[in-house]
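Structure file structure-v5.json with JSON, N, CA and C atoms:
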[["chain", "number", "residue", "atom", "x", "y", "z"],
["A", 20, "MET", "N", 106.65, 92.79, 56.79],
["A", 20, "MET", "CA", 106.97, 91.92, 57.90],
["A", 20, "MET", "C", 107.61, 90.64, 57.35],
["A", 21, "PRO", "N", 108.61, 90.13, 58.04],
["A", 21, "PRO", "CA", 109.27, 88.90, 57.57],
["A", 21, "PRO", "C", 108.26, 87.77, 57.39],
["A", 22, "GLY", "N", 108.34, 87.10, 56.26],
["A", 22, "GLY", "CA", 107.45, 85.99, 55.97],
["A", 22, "GLY", "C", 106.15, 86.39, 55.32],
["A", 23, "LEU", "N", 105.85, 87.68, 55.30],
["A", 23, "LEU", "CA", 104.59, 88.17, 54.72],
["A", 23, "LEU", "C", 104.84, 89.11, 53.55],
["A", 24, "GLU", "N", 106.02, 89.03, 52.94],
["A", 24, "GLU", "CA", 106.40, 89.97, 51.88],
["A", 24, "GLU", "C", 105.39, 90.00, 50.74],
["A", 25, "GLU", "N", 104.78, 88.87, 50.42],
["A", 25, "GLU", "CA", 103.82, 88.81, 49.31],
["A", 25, "GLU", "C", 102.40, 89.12, 49.76],
["A", 26, "ASN", "N", 102.18, 89.29, 51.03],
["A", 26, "ASN", "CA", 100.85, 89.57, 51.58],
["A", 26, "ASN", "C", 100.86, 90.91, 52.30],
["A", 27, "LEU", "N", 101.17, 91.96, 51.58],
["A", 27, "LEU", "CA", 101.27, 93.28, 52.20],
["A", 27, "LEU", "C", 99.93, 93.74, 52.74],
["A", 28, "PHE", "N", 99.98, 94.48, 53.83],
["A", 28, "PHE", "CA", 98.78, 95.04, 54.42],
["A", 28, "PHE", "C", 99.13, 96.34, 55.13],
["A", 29, "GLU", "N", 98.12, 97.10, 55.44],
["A", 29, "GLU", "CA", 98.27, 98.31, 56.22],
["A", 29, "GLU", "C", 97.48, 98.13, 57.50],
["A", 30, "GLY", "N", 97.88, 98.82, 58.55],
["A", 30, "GLY", "CA", 97.17, 98.71, 59.82],
["A", 30, "GLY", "C", 97.10, 100.03, 60.54],
["A", 31, "VAL", "N", 96.19, 100.10, 61.47],
["A", 31, "VAL", "CA", 96.03, 101.31, 62.27],
["A", 31, "VAL", "C", 95.59, 100.91, 63.67],
["A", 32, "THR", "N", 95.99, 101.69, 64.64],
["A", 32, "THR", "CA", 95.57, 101.48, 66.02],
["A", 32, "THR", "C", 94.68, 102.64, 66.44],
["A", 33, "LEU", "N", 93.53, 102.31, 66.99],
["A", 33, "LEU", "CA", 92.62, 103.30, 67.58],
["A", 33, "LEU", "C", 92.86, 103.28, 69.07],
["A", 34, "ARG", "N", 93.23, 104.44, 69.64],
["A", 34, "ARG", "CA", 93.53, 104.54, 71.07],
["A", 34, "ARG", "C", 92.46, 105.39, 71.75],
["A", 35, "LEU", "N", 91.81, 104.81, 72.75],
["A", 35, "LEU", "CA", 90.74, 105.50, 73.47],
["A", 35, "LEU", "C", 91.09, 105.57, 74.96],
["A", 36, "PHE", "N", 90.87, 106.74, 75.58],
["A", 36, "PHE", "CA", 91.15, 106.92, 77.01],
["A", 36, "PHE", "C", 89.85, 107.13, 77.75],
["A", 37, "ASP", "N", 89.64, 106.38, 78.83],
["A", 37, "ASP", "CA", 88.46, 106.53, 79.68],
["A", 37, "ASP", "C", 88.88, 107.33, 80.92],
["A", 38, "PRO", "N", 88.47, 108.61, 81.02],
["A", 38, "PRO", "CA", 88.90, 109.43, 82.15],
["A", 38, "PRO", "C", 88.38, 108.94, 83.50],
["A", 39, "LYS", "N", 87.28, 108.19, 83.51],
["A", 39, "LYS", "CA", 86.75, 107.68, 84.78],
["A", 39, "LYS", "C", 87.63, 106.56, 85.34],
["A", 40, "THR", "N", 88.03, 105.61, 84.49],
["A", 40, "THR", "CA", 88.85, 104.49, 84.96],
["A", 40, "THR", "C", 90.34, 104.78, 84.83],
["A", 41, "ARG", "N", 90.69, 105.81, 84.03],
["A", 41, "ARG", "CA", 92.08, 106.17, 83.72],
["A", 41, "ARG", "C", 92.79, 105.05, 82.96],
["A", 42, "LEU", "N", 92.01, 104.28, 82.19],
["A", 42, "LEU", "CA", 92.56, 103.19, 81.39],
["A", 42, "LEU", "C", 92.49, 103.52, 79.90],
["A", 43, "TRP", "N", 93.50, 103.08, 79.18],
["A", 43, "TRP", "CA", 93.53, 103.17, 77.73],
["A", 43, "TRP", "C", 93.05, 101.85, 77.15],
["A", 44, "SER", "N", 92.34, 101.92, 76.03],
["A", 44, "SER", "CA", 91.98, 100.74, 75.24],
["A", 44, "SER", "C", 92.55, 100.95, 73.85],
["A", 45, "LEU", "N", 93.40, 100.01, 73.40],
["A", 45, "LEU", "CA", 94.06, 100.11, 72.11],
["A", 45, "LEU", "C", 93.49, 99.02, 71.20],
["A", 46, "TYR", "N", 92.89, 99.45, 70.09],
["A", 46, "TYR", "CA", 92.27, 98.54, 69.13],
["A", 46, "TYR", "C", 93.11, 98.52, 67.86],
["A", 47, "TRP", "N", 93.45, 97.35, 67.35],
["A", 47, "TRP", "CA", 94.22, 97.19, 66.11],
["A", 47, "TRP", "C", 93.32, 96.66, 65.02],
["A", 48, "VAL", "N", 93.50, 97.19, 63.80],
["A", 48, "VAL", "CA", 92.81, 96.64, 62.63],
["A", 48, "VAL", "C", 93.80, 96.64, 61.47],
["A", 49, "ALA", "N", 93.80, 95.54, 60.72],
["A", 49, "ALA", "CA", 94.67, 95.42, 59.55],
["A", 49, "ALA", "C", 93.81, 95.29, 58.30],
["A", 50, "SER", "N", 94.33, 95.82, 57.19],
["A", 50, "SER", "CA", 93.56, 95.83, 55.95],
["A", 50, "SER", "C", 93.32, 94.43, 55.40],
["A", 51, "ASN", "N", 94.16, 93.46, 55.75],
["A", 51, "ASN", "CA", 93.96, 92.11, 55.24],
["A", 51, "ASN", "C", 92.93, 91.31, 56.04],
["A", 52, "VAL", "N", 92.44, 91.87, 57.15],
["A", 52, "VAL", "CA", 91.43, 91.21, 57.97],
["A", 52, "VAL", "C", 90.14, 92.02, 57.98],
["A", 53, "GLY", "N", 90.27, 93.34, 58.20],
["A", 53, "GLY", "CA", 89.12, 94.23, 58.11],
["A", 53, "GLY", "C", 88.21, 94.28, 59.32],
["A", 54, "VAL", "N", 88.64, 93.75, 60.46],
["A", 54, "VAL", "CA", 87.85, 93.86, 61.70],
["A", 54, "VAL", "C", 88.76, 94.30, 62.83],
["A", 55, "LEU", "N", 88.18, 95.02, 63.80],
["A", 55, "LEU", "CA", 88.94, 95.43, 64.97],
["A", 55, "LEU", "C", 89.23, 94.23, 65.85],
["A", 56, "ASP", "N", 90.49, 94.08, 66.27],
["A", 56, "ASP", "CA", 90.83, 93.07, 67.26],
["A", 56, "ASP", "C", 90.27, 93.51, 68.62],
["A", 57, "PRO", "N", 90.07, 92.57, 69.55],
["A", 57, "PRO", "CA", 89.70, 92.99, 70.91],
["A", 57, "PRO", "C", 90.79, 93.92, 71.46],
["A", 58, "PRO", "N", 90.43, 94.89, 72.29],
["A", 58, "PRO", "CA", 91.43, 95.86, 72.74],
["A", 58, "PRO", "C", 92.40, 95.26, 73.75],
["A", 59, "VAL", "N", 93.62, 95.81, 73.75],
["A", 59, "VAL", "CA", 94.51, 95.64, 74.89],
["A", 59, "VAL", "C", 94.22, 96.83, 75.80],
["A", 60, "VAL", "N", 94.10, 96.57, 77.09],
["A", 60, "VAL", "CA", 93.65, 97.59, 78.03],
["A", 60, "VAL", "C", 94.69, 97.76, 79.13],
["A", 61, "GLY", "N", 95.02, 99.01, 79.45],
["A", 61, "GLY", "CA", 95.98, 99.24, 80.51],
["A", 61, "GLY", "C", 96.23, 100.71, 80.74],
["A", 62, "SER", "N", 97.36, 100.99, 81.40],
["A", 62, "SER", "CA", 97.68, 102.36, 81.78],
["A", 62, "SER", "C", 99.20, 102.53, 81.90],
["A", 63, "PHE", "N", 99.60, 103.78, 82.10],
["A", 63, "PHE", "CA", 101.00, 104.12, 82.26],
["A", 63, "PHE", "C", 101.31, 104.42, 83.72],
["A", 64, "GLU", "N", 102.50, 104.00, 84.14],
["A", 64, "GLU", "CA", 103.03, 104.37, 85.45],
["A", 64, "GLU", "C", 104.53, 104.57, 85.28],
["A", 65, "ASN", "N", 105.02, 105.72, 85.70],
["A", 65, "ASN", "CA", 106.45, 106.05, 85.56],
["A", 65, "ASN", "C", 106.93, 105.91, 84.11],
["A", 66, "ASN", "N", 106.10, 106.34, 83.16],
["A", 66, "ASN", "CA", 106.42, 106.35, 81.73],
["A", 66, "ASN", "C", 106.56, 104.96, 81.11],
["A", 67, "VAL", "N", 105.99, 103.94, 81.76],
["A", 67, "VAL", "CA", 105.93, 102.60, 81.19],
["A", 67, "VAL", "C", 104.46, 102.16, 81.23],
["A", 68, "GLY", "N", 103.94, 101.79, 80.06],
["A", 68, "GLY", "CA", 102.55, 101.36, 79.98],
["A", 68, "GLY", "C", 102.47, 99.87, 79.74],
["A", 69, "HIS", "N", 101.54, 99.22, 80.44],
["A", 69, "HIS", "CA", 101.27, 97.79, 80.25],
["A", 69, "HIS", "C", 99.81, 97.63, 79.86],
["A", 70, "PHE", "N", 99.57, 96.89, 78.77],
["A", 70, "PHE", "CA", 98.24, 96.73, 78.19],
["A", 70, "PHE", "C", 98.01, 95.25, 77.94],
["A", 71, "PHE", "N", 96.89, 94.71, 78.42],
["A", 71, "PHE", "CA", 96.66, 93.27, 78.40],
["A", 71, "PHE", "C", 95.37, 92.91, 77.66],
["A", 72, "THR", "N", 95.34, 91.70, 77.11],
["A", 72, "THR", "CA", 94.12, 91.12, 76.54],
["A", 72, "THR", "C", 94.26, 89.61, 76.53],
["A", 73, "LYS", "N", 93.13, 88.92, 76.44],
["A", 73, "LYS", "CA", 93.12, 87.48, 76.24],
["A", 73, "LYS", "C", 92.96, 87.22, 74.75],
["A", 74, "ASP", "N", 93.66, 86.19, 74.25],
["A", 74, "ASP", "CA", 93.63, 85.88, 72.82],
["A", 74, "ASP", "C", 93.89, 84.39, 72.66],
["A", 75, "THR", "N", 93.98, 83.95, 71.42],
["A", 75, "THR", "CA", 94.40, 82.57, 71.12],
["A", 75, "THR", "C", 95.57, 82.63, 70.15],
["A", 76, "PHE", "N", 96.48, 81.68, 70.28],
["A", 76, "PHE", "CA", 97.63, 81.57, 69.38],
["A", 76, "PHE", "C", 97.85, 80.09, 69.12],
["A", 77, "ASN", "N", 97.82, 79.73, 67.82],
["A", 77, "ASN", "CA", 97.95, 78.33, 67.43],
["A", 77, "ASN", "C", 96.95, 77.44, 68.17],
["A", 78, "GLY", "N", 95.73, 77.97, 68.35],
["A", 78, "GLY", "CA", 94.67, 77.20, 68.97],
["A", 78, "GLY", "C", 94.72, 77.14, 70.49],
["A", 79, "LYS", "N", 95.67, 77.83, 71.13],
["A", 79, "LYS", "CA", 95.80, 77.80, 72.59],
["A", 79, "LYS", "C", 95.44, 79.17, 73.16],
["A", 80, "ASN", "N", 94.77, 79.16, 74.32],
["A", 80, "ASN", "CA", 94.45, 80.40, 75.00],
["A", 80, "ASN", "C", 95.72, 81.02, 75.57],
["A", 81, "ILE", "N", 95.87, 82.33, 75.38],
["A", 81, "ILE", "CA", 97.03, 83.05, 75.89],
["A", 81, "ILE", "C", 96.57, 84.39, 76.45],
["A", 82, "ILE", "N", 97.45, 85.01, 77.22],
["A", 82, "ILE", "CA", 97.33, 86.42, 77.59],
["A", 82, "ILE", "C", 98.42, 87.15, 76.81],
["A", 83, "VAL", "N", 98.06, 88.30, 76.28],
["A", 83, "VAL", "CA", 99.00, 89.12, 75.52],
["A", 83, "VAL", "C", 99.25, 90.39, 76.32],
["A", 84, "VAL", "N", 100.50, 90.82, 76.37],
["A", 84, "VAL", "CA", 100.83, 92.11, 76.96],
["A", 84, "VAL", "C", 101.59, 92.93, 75.93],
["A", 85, "PHE", "N", 101.20, 94.19, 75.80],
["A", 85, "PHE", "CA", 101.96, 95.18, 75.05],
["A", 85, "PHE", "C", 102.60, 96.09, 76.09],
["A", 86, "ARG", "N", 103.86, 96.42, 75.91],
["A", 86, "ARG", "CA", 104.52, 97.34, 76.83],
["A", 86, "ARG", "C", 105.07, 98.50, 76.02],
["A", 87, "TRP", "N", 104.69, 99.71, 76.42],
["A", 87, "TRP", "CA", 105.25, 100.94, 75.85],
["A", 87, "TRP", "C", 106.17, 101.54, 76.91],
["A", 88, "ASP", "N", 107.45, 101.62, 76.61],
["A", 88, "ASP", "CA", 108.43, 102.21, 77.52],
["A", 88, "ASP", "C", 108.88, 103.53, 76.91],
["A", 89, "VAL", "N", 108.43, 104.62, 77.50],
["A", 89, "VAL", "CA", 108.76, 105.95, 76.97],
["A", 89, "VAL", "C", 109.64, 106.74, 77.93],
["A", 90, "ARG", "N", 110.42, 106.02, 78.75],
["A", 90, "ARG", "CA", 111.34, 106.72, 79.66],
["A", 90, "ARG", "C", 112.39, 107.48, 78.88],
["A", 91, "ASP", "N", 112.82, 106.95, 77.73],
["A", 91, "ASP", "CA", 113.72, 107.66, 76.83],
["A", 91, "ASP", "C", 112.84, 108.26, 75.74],
["A", 92, "LYS", "N", 112.52, 109.54, 75.85],
["A", 92, "LYS", "CA", 111.58, 110.18, 74.94],
["A", 92, "LYS", "C", 112.03, 110.15, 73.49],
["A", 93, "ASP", "N", 113.33, 110.07, 73.25],
["A", 93, "ASP", "CA", 113.84, 110.04, 71.88],
["A", 93, "ASP", "C", 113.88, 108.63, 71.29],
["A", 94, "HIS", "N", 113.74, 107.60, 72.13],
["A", 94, "HIS", "CA", 113.80, 106.21, 71.67],
["A", 94, "HIS", "C", 112.78, 105.36, 72.42],
["A", 95, "PRO", "N", 111.48, 105.61, 72.22],
["A", 95, "PRO", "CA", 110.48, 104.78, 72.90],
["A", 95, "PRO", "C", 110.51, 103.34, 72.37],
["A", 96, "VAL", "N", 110.20, 102.39, 73.23],
["A", 96, "VAL", "CA", 110.25, 100.98, 72.88],
["A", 96, "VAL", "C", 108.87, 100.37, 73.09],
["A", 97, "TRP", "N", 108.36, 99.72, 72.03],
["A", 97, "TRP", "CA", 107.13, 98.93, 72.13],
["A", 97, "TRP", "C", 107.55, 97.47, 72.08],
["A", 98, "SER", "N", 106.99, 96.65, 72.97],
["A", 98, "SER", "CA", 107.29, 95.22, 72.94],
["A", 98, "SER", "C", 106.02, 94.43, 73.24],
["A", 99, "GLN", "N", 106.07, 93.15, 72.89],
["A", 99, "GLN", "CA", 104.90, 92.28, 73.04],
["A", 99, "GLN", "C", 105.36, 90.94, 73.61],
["A", 100, "ALA", "N", 104.52, 90.36, 74.49],
["A", 100, "ALA", "CA", 104.81, 89.04, 75.03],
["A", 100, "ALA", "C", 103.52, 88.24, 75.12],
["A", 101, "PHE", "N", 103.66, 86.91, 75.06],
["A", 101, "PHE", "CA", 102.54, 85.98, 75.22],
["A", 101, "PHE", "C", 102.77, 85.16, 76.48],
["A", 102, "SER", "N", 101.68, 84.86, 77.18],
["A", 102, "SER", "CA", 101.73, 83.96, 78.33],
["A", 102, "SER", "C", 100.71, 82.85, 78.13],
["A", 103, "PRO", "N", 101.17, 81.59, 78.08],
["A", 103, "PRO", "CA", 100.24, 80.47, 77.94],
["A", 103, "PRO", "C", 99.73, 79.95, 79.29],
["A", 104, "ASP", "N", 100.29, 80.51, 80.40],
["A", 104, "ASP", "CA", 99.96, 79.98, 81.73],
["A", 104, "ASP", "C", 99.38, 81.05, 82.66],
["A", 105, "ASN", "N", 98.53, 81.88, 82.08],
["A", 105, "ASN", "CA", 97.80, 82.90, 82.85],
["A", 105, "ASN", "C", 98.72, 83.90, 83.56],
["A", 106, "GLY", "N", 99.83, 84.25, 82.91],
["A", 106, "GLY", "CA", 100.70, 85.30, 83.42],
["A", 106, "GLY", "C", 101.84, 84.84, 84.30],
["A", 107, "LYS", "N", 102.01, 83.54, 84.49],
["A", 107, "LYS", "CA", 103.13, 83.05, 85.31],
["A", 107, "LYS", "C", 104.46, 83.23, 84.58],
["A", 108, "THR", "N", 104.47, 82.94, 83.28],
["A", 108, "THR", "CA", 105.67, 83.14, 82.47],
["A", 108, "THR", "C", 105.29, 83.90, 81.21],
["A", 109, "TRP", "N", 106.28, 84.60, 80.63],
["A", 109, "TRP", "CA", 106.06, 85.42, 79.45],
["A", 109, "TRP", "C", 107.11, 85.12, 78.41],
["A", 110, "GLU", "N", 106.69, 85.03, 77.15],
["A", 110, "GLU", "CA", 107.60, 84.88, 76.02],
["A", 110, "GLU", "C", 107.59, 86.20, 75.25],
["A", 111, "TRP", "N", 108.67, 86.97, 75.38],
["A", 111, "TRP", "CA", 108.79, 88.23, 74.66],
["A", 111, "TRP", "C", 109.14, 87.91, 73.22],
["A", 112, "ASN", "N", 108.29, 88.34, 72.28],
["A", 112, "ASN", "CA", 108.45, 87.91, 70.89],
["A", 112, "ASN", "C", 108.49, 89.06, 69.89],
["A", 113, "TRP", "N", 108.44, 90.28, 70.35],
["A", 113, "TRP", "CA", 108.47, 91.40, 69.41],
["A", 113, "TRP", "C", 108.98, 92.64, 70.13],
["A", 114, "TYR", "N", 109.94, 93.33, 69.50],
["A", 114, "TYR", "CA", 110.46, 94.60, 70.00],
["A", 114, "TYR", "C", 110.51, 95.58, 68.86],
["A", 115, "ASN", "N", 110.10, 96.80, 69.13],
["A", 115, "ASN", "CA", 110.16, 97.88, 68.15],
["A", 115, "ASN", "C", 110.74, 99.10, 68.85],
["A", 116, "ILE", "N", 111.94, 99.50, 68.44],
["A", 116, "ILE", "CA", 112.57, 100.69, 69.00],
["A", 116, "ILE", "C", 112.40, 101.81, 68.00],
["A", 117, "SER", "N", 111.72, 102.87, 68.42],
["A", 117, "SER", "CA", 111.48, 104.01, 67.55],
["A", 117, "SER", "C", 112.52, 105.09, 67.80],
["A", 118, "GLU", "N", 112.63, 106.00, 66.86],
["A", 118, "GLU", "CA", 113.55, 107.12, 67.03],
["A", 118, "GLU", "C", 112.86, 108.40, 66.63],
["A", 119, "ARG", "N", 112.93, 109.39, 67.53],
["A", 119, "ARG", "CA", 112.33, 110.70, 67.25],
["A", 119, "ARG", "C", 113.16, 111.43, 66.21],
["A", 120, "ILE", "N", 112.50, 111.97, 65.20],
["A", 120, "ILE", "CA", 113.18, 112.76, 64.18],
["A", 120, "ILE", "C", 113.35, 114.16, 64.71],
["A", 121, "LYS", "N", 114.56, 114.66, 64.64],
["A", 121, "LYS", "CA", 114.85, 116.00, 65.17],
["A", 121, "LYS", "C", 115.04, 116.99, 64.06]]
Can you present the structure in this file as structure tokens?
Amino acid sequence: MPGLEENLFEGVTLRLFDPKTRLWSLYWVASNVGVLDPPVVGSFENNVGHFFTKDTFNGKNIIVVFRWDVRDKDHPVWSQAFSPDNGKTWEWNWYNISERIK
């Protein structure tokens, strides 16, 4: 990751589905921290998933959203945004476009 070249780490996401609520909980853990982050929780509708959690950034309370857009099955897009005002505005700060290997 840019700016962290000398602090390499590995990470994994644990994804759990609750069939009663039909909600996914996504937990992230990185090797340089060693604890599970609080989950982002959400669901998919029309091949777009929105997953939310409360967090802090630079000492300020924020809401985080992860969006998985899988409408293009060969090029799914994961993105992340922060909201410092309880969801009124969003700052999109990360995009990851994947490509299916054929």
Point (99.5, 82.6, 70.9), cut-off 12 Å, counting only C-alpha atoms, residues as a VMD selection string: chain A and resid 72 to 84 99 to 104 109 to 112
Best match for closeness to Ile116 in chain A among A:Val96, A:Leu35, A:Val60, A:Val48, counting all atoms listed in the file: A:Val96
Gap from CA of Asn105 in chain A to CA of Pro38 in chain A - Å, one decimal: 28.0 Å
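Atom to atom, CA of Ser44 in chain A and CA of Gly61 in chain A stand 6.8 Å apart.
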Where's the centre, and what are the edge lengths in Å to one decimal, of a box along x, y and z enclosing all listed atoms of range 35-39 of chain A padded 8 Å per side, as AutoDock Vina command-line options?
--center_x 89.3 --center_y 107.1 --center_z 79.0 --size_x 21.1 --size_y 20.6 --size_z 28.6
Glu29 in chain A environment, 8 Å, only C-alpha atoms, sequence neighbours closer than 4 positions dropped, as an MDAnalysis selection string: chainID A and resid 49:51
Strand (DSSP E or B) per DSSP on the backbone: members of chain A, as number ranges by chain: A: 30-37, 42-49, 59-64, 67-76, 79-88, 96-102, 110-116
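Look at Arg34 in chain A: the protein and nucleic acid residues within 8 Å of it, using only N, CA and C atoms and passing over chain neighbours fewer than 3 places away, are A:Val31, A:Asp37, A:Trp43, A:Ser44, A:Leu45, A:Tyr46, A:Trp47.
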Top pick for closest residue to Leu42 in chain A, considering A:Ser117, A:Ser62, A:Asn26, A:Thr108 and counting only N, CA and C atoms: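 Of the candidates, the smallest distance to Leu42 in chain A is held by A:Ser62.
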Length of the CA of His69 in chain A to CA of Tyr114 in chain A vector [Å]: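 These two atoms are separated by 14.1 Å.
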Among the residues A:Phe85, A:Asn115, A:Pro57, A:Leu27, the one that comes closest to Phe70 in chain A [using only C-alpha atoms]: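 Ranked by minimum distance to Phe70 in chain A, first place goes to A:Phe85.
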